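Read through the structure below, which is laid out as structure tokens, and then see the notes.
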Amino acid sequence: MDIGIVSSRYAEALLKYADCTGNGETVYAQARSLADCFSSVEDMRLLIRHPKATSDQVKLRILTTALGGPEKAAPELVRFFRMVMKNRRTKYLHLMLLIFMDKYRKENKISHGRLVMAADSEALKRKLTDIVHEETGGTLELETRVDPSIIGGFIFDMDGLRLDASVVSQLNGIRRQFIEKNRRIV
């Protein structure tokens with residue numbers, strides 16, 4: 001069975017269910033938080049994926065605890081987890097959440113971008129958010145990281161496009177130009 005088709009169908013079902021209950025924003029925020037946990041905590045990912053590592057009740061407790069406890073976990077997500085476990089699809093849960101987030105973003109005109117800066121700049125974040133809003137009419141969900149190794153400027157990635165305005169990139173461009181000129185001279 002194709003992993004992408006299975007995961008996409010479950011993600012679509014979660015999206016429709018969250019839309020019906022009107023709790024889509026909360027489900028999206030918690031799915032995003034859980035997907036981040038899966039990405040950063042390998043042991044959690046392996047434990048949830050492995051069919052015989054532990055019981056479904058323990059897996060459900062781990063997932064709800066990662067969301068802040070059973071009382072804070074969205075009921076839609078808890079019900080979704082139970083359905084996934086009942087149908088023995090827990091090994092696809094991380095992919096289901098990622099596809100759900102992608103579908104939710106498209107439906108709600110949310111663009112996802114990554115910004116790497118040499119130093120933290122609220123003005124730059126605000127400017128990029130405003131530009132994206134003007135161009136797309138949607139909102140920008142910005143993942144930021146400070147990396148002093150780019151010396152100055154920023155690198156912005158969104159929807160497969162990259163805007164590299166870093167000093168290190170410009171210095172590398174100048175270095176390549178010198179190398180090319182030296183090859184022609186020799």
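In the structure tokens, the first chain shown is A, the next is B, and so on; residue numbers restart at 1 for each chain, and ligands run from 1 in the order shown.
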- From a DSSP calculation on the backbone, collect every residue of segment 39-157 of chain A in strand (DSSP E) and output the set as an MDAnalysis selection string. chainID A and resid 110:117 139:146 154:157
Write to file, as a CSV table (one decimal), in the first residue's frame, the residues of the selection just made, with C-alpha atoms.
```csv
chain,number,residue,atom,x,y,z
A,110,ILE,CA,-0.9,30.4,5.4
A,111,SER,CA,2.6,30.5,3.9
A,112,HIS,CA,5.4,28.8,5.7
A,113,GLY,CA,8.8,30.4,5.6
A,114,ARG,CA,12.2,30.0,7.2
A,115,LEU,CA,14.4,32.9,8.1
A,116,VAL,CA,18.0,32.7,9.0
A,117,MET,CA,19.5,36.0,10.3
A,139,THR,CA,-0.5,35.2,6.5
A,140,LEU,CA,3.1,34.1,7.0
A,141,GLU,CA,4.1,31.5,9.6
A,142,LEU,CA,7.8,32.3,10.1
A,143,GLU,CA,10.3,29.9,11.5
A,144,THR,CA,13.4,31.9,12.6
A,145,ARG,CA,16.9,31.0,13.5
A,146,VAL,CA,19.9,33.2,14.4
A,154,PHE,CA,19.6,37.1,6.1
A,155,ILE,CA,18.5,34.0,4.1
A,156,PHE,CA,14.7,33.6,3.6
A,157,ASP,CA,13.1,30.4,2.2
```
What's around Tyr10 of chain A at 12 Å? Count only C-alpha atoms, leave out sequence neighbours fewer than 4 positions away in its own chain, and write the answer as a PyMOL selection string. chain A and resi 3-6+14-17+77+80-81+83-85+87+89-90+92-100+103
Any chance you could export the current selection's N, CA and C atoms as an mmCIF file, in the first residue's frame?
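Contents of the output file selection-v6.cif:
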```cif
data_model
loop_
_atom_site.group_PDB
_atom_site.id
_atom_site.type_symbol
_atom_site.label_atom_id
_atom_site.label_comp_id
_atom_site.auth_asym_id
_atom_site.auth_seq_id
_atom_site.Cartn_x
_atom_site.Cartn_y
_atom_site.Cartn_z
ATOM 1 N N ILE A 3 2.311 4.610 1.003
ATOM 2 C CA ILE A 3 2.359 5.372 2.251
ATOM 3 C C ILE A 3 1.749 6.753 2.070
ATOM 4 N N GLY A 4 2.037 7.411 0.950
ATOM 5 C CA GLY A 4 1.536 8.755 0.701
ATOM 6 C C GLY A 4 0.024 8.811 0.588
ATOM 7 N N ILE A 5 -0.554 7.822 -0.064
ATOM 8 C CA ILE A 5 -2.010 7.797 -0.235
ATOM 9 C C ILE A 5 -2.694 7.577 1.107
ATOM 10 N N VAL A 6 -2.198 6.623 1.880
ATOM 11 C CA VAL A 6 -2.779 6.337 3.193
ATOM 12 C C VAL A 6 -2.691 7.573 4.085
ATOM 13 N N LEU A 14 -8.834 14.155 8.996
ATOM 14 C CA LEU A 14 -8.624 14.994 10.175
ATOM 15 C C LEU A 14 -8.968 16.446 9.868
ATOM 16 N N LEU A 15 -8.588 16.917 8.690
ATOM 17 C CA LEU A 15 -8.887 18.295 8.303
ATOM 18 C C LEU A 15 -10.397 18.534 8.237
ATOM 19 N N LYS A 16 -11.114 17.623 7.607
ATOM 20 C CA LYS A 16 -12.569 17.766 7.509
ATOM 21 C C LYS A 16 -13.223 17.706 8.884
ATOM 22 N N TYR A 17 -12.747 16.807 9.722
ATOM 23 C CA TYR A 17 -13.304 16.674 11.069
ATOM 24 C C TYR A 17 -13.059 17.947 11.880
ATOM 25 N N LEU A 77 -8.019 15.502 18.036
ATOM 26 C CA LEU A 77 -6.746 14.793 17.871
ATOM 27 C C LEU A 77 -6.745 13.481 18.646
ATOM 28 N N PHE A 80 -8.688 11.098 16.717
ATOM 29 C CA PHE A 80 -7.907 10.743 15.528
ATOM 30 C C PHE A 80 -6.822 9.724 15.893
ATOM 31 N N PHE A 81 -6.116 9.957 16.999
ATOM 32 C CA PHE A 81 -5.082 9.014 17.438
ATOM 33 C C PHE A 81 -5.675 7.630 17.672
ATOM 34 N N MET A 83 -8.327 6.332 16.312
ATOM 35 C CA MET A 83 -8.675 5.731 15.025
ATOM 36 C C MET A 83 -7.420 5.185 14.330
ATOM 37 N N VAL A 84 -6.354 5.970 14.341
ATOM 38 C CA VAL A 84 -5.095 5.554 13.710
ATOM 39 C C VAL A 84 -4.567 4.286 14.374
ATOM 40 N N MET A 85 -4.635 4.230 15.698
ATOM 41 C CA MET A 85 -4.143 3.047 16.419
ATOM 42 C C MET A 85 -5.034 1.834 16.175
ATOM 43 N N ASN A 87 -6.691 1.168 13.543
ATOM 44 C CA ASN A 87 -6.442 0.681 12.184
ATOM 45 C C ASN A 87 -4.968 0.317 11.947
ATOM 46 N N ARG A 89 -2.111 2.068 12.015
ATOM 47 C CA ARG A 89 -1.401 2.972 11.113
ATOM 48 C C ARG A 89 -0.476 3.932 11.852
ATOM 49 N N THR A 90 -0.090 3.598 13.083
ATOM 50 C CA THR A 90 0.723 4.531 13.862
ATOM 51 C C THR A 90 2.080 4.814 13.220
ATOM 52 N N TYR A 92 2.600 5.673 10.359
ATOM 53 C CA TYR A 92 2.427 6.780 9.416
ATOM 54 C C TYR A 92 1.997 8.070 10.099
ATOM 55 N N LEU A 93 1.886 8.080 11.426
ATOM 56 C CA LEU A 93 1.317 9.226 12.137
ATOM 57 C C LEU A 93 2.080 10.525 11.880
ATOM 58 N N HIS A 94 3.386 10.475 11.906
ATOM 59 C CA HIS A 94 4.171 11.689 11.672
ATOM 60 C C HIS A 94 3.887 12.257 10.277
ATOM 61 N N LEU A 95 3.881 11.416 9.282
ATOM 62 C CA LEU A 95 3.593 11.863 7.925
ATOM 63 C C LEU A 95 2.162 12.387 7.812
ATOM 64 N N MET A 96 1.229 11.747 8.488
ATOM 65 C CA MET A 96 -0.162 12.219 8.485
ATOM 66 C C MET A 96 -0.248 13.638 9.032
ATOM 67 N N LEU A 97 0.464 13.899 10.123
ATOM 68 C CA LEU A 97 0.443 15.231 10.715
ATOM 69 C C LEU A 97 1.066 16.269 9.788
ATOM 70 N N LEU A 98 2.162 15.902 9.135
ATOM 71 C CA LEU A 98 2.809 16.830 8.200
ATOM 72 C C LEU A 98 1.896 17.155 7.016
ATOM 73 N N ILE A 99 1.236 16.158 6.481
ATOM 74 C CA ILE A 99 0.322 16.376 5.355
ATOM 75 C C ILE A 99 -0.892 17.189 5.806
ATOM 76 N N PHE A 100 -1.405 16.892 7.005
ATOM 77 C CA PHE A 100 -2.510 17.671 7.552
ATOM 78 C C PHE A 100 -2.135 19.145 7.643
ATOM 79 N N LYS A 103 -2.077 20.750 4.194
ATOM 80 C CA LYS A 103 -3.439 20.964 3.693
ATOM 81 C C LYS A 103 -4.126 22.111 4.439
#
```
From atom CA of Ser169 of chain A to atom CA of Ala119 of chain A the spacing works out at 16.0 Å
Would you mind listing what lies within 8 Å of segment 24-27 of chain A as a short mmCIF file (atom, residue, chain, number, x, y, z; two decimals) with N, CA and C atoms, in the first residue's frame, with only C-alpha atoms counted and same-chain residues fewer than 2 positions away left out?
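File produced: around_34.cif:
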```cif
data_model
loop_
_atom_site.label_atom_id
_atom_site.label_comp_id
_atom_site.auth_asym_id
_atom_site.auth_seq_id
_atom_site.Cartn_x
_atom_site.Cartn_y
_atom_site.Cartn_z
N LEU A 15 -8.59 16.92 8.69
CA LEU A 15 -8.89 18.29 8.30
C LEU A 15 -10.40 18.53 8.24
N ALA A 18 -11.84 18.48 11.81
CA ALA A 18 -11.51 19.70 12.54
C ALA A 18 -12.33 20.88 12.02
N ASP A 19 -12.57 20.94 10.71
CA ASP A 19 -13.40 22.01 10.14
C ASP A 19 -14.84 21.89 10.62
N THR A 21 -15.93 20.62 13.42
CA THR A 21 -16.07 20.97 14.83
C THR A 21 -15.75 22.44 15.08
N GLY A 22 -15.12 23.11 14.11
CA GLY A 22 -14.76 24.51 14.28
C GLY A 22 -13.53 24.71 15.14
N ALA A 29 -2.45 23.87 15.60
CA ALA A 29 -1.36 24.25 16.51
C ALA A 29 -0.81 23.03 17.25
N GLN A 30 -1.70 22.15 17.69
CA GLN A 30 -1.25 20.96 18.40
C GLN A 30 -0.59 19.95 17.47
N ALA A 31 -1.09 19.83 16.25
CA ALA A 31 -0.46 18.93 15.26
C ALA A 31 0.94 19.43 14.94
N ALA A 74 -6.55 18.47 22.15
CA ALA A 74 -7.80 18.67 21.42
C ALA A 74 -8.53 17.33 21.29
N GLU A 76 -10.46 16.30 19.09
CA GLU A 76 -10.40 15.81 17.71
C GLU A 76 -9.12 15.02 17.48
N LEU A 77 -8.02 15.50 18.04
CA LEU A 77 -6.75 14.79 17.87
C LEU A 77 -6.74 13.48 18.65
#
```
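Rounded to one decimal, atom CA of Arg126 of chain A and atom CA of Tyr28 of chain A lie 22.7 Å from each other.
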Would you mind listing what lies within 12 Å of Ile48 of chain A as a PyMOL selection string, with only C-alpha atoms counted and same-chain residues fewer than 3 positions away left out?
chain A and resi 34+37-38+41-45+51-63+81+84-85+88-94
Practice problem: Check the DSSP output for the backbone and give back, as a PyMOL selection string, the residues of segment 41-167 of chain A in alpha helix (DSSP H). | Solution: chain A and resi 42-49+56-66+75-86+93-107+122-136+167
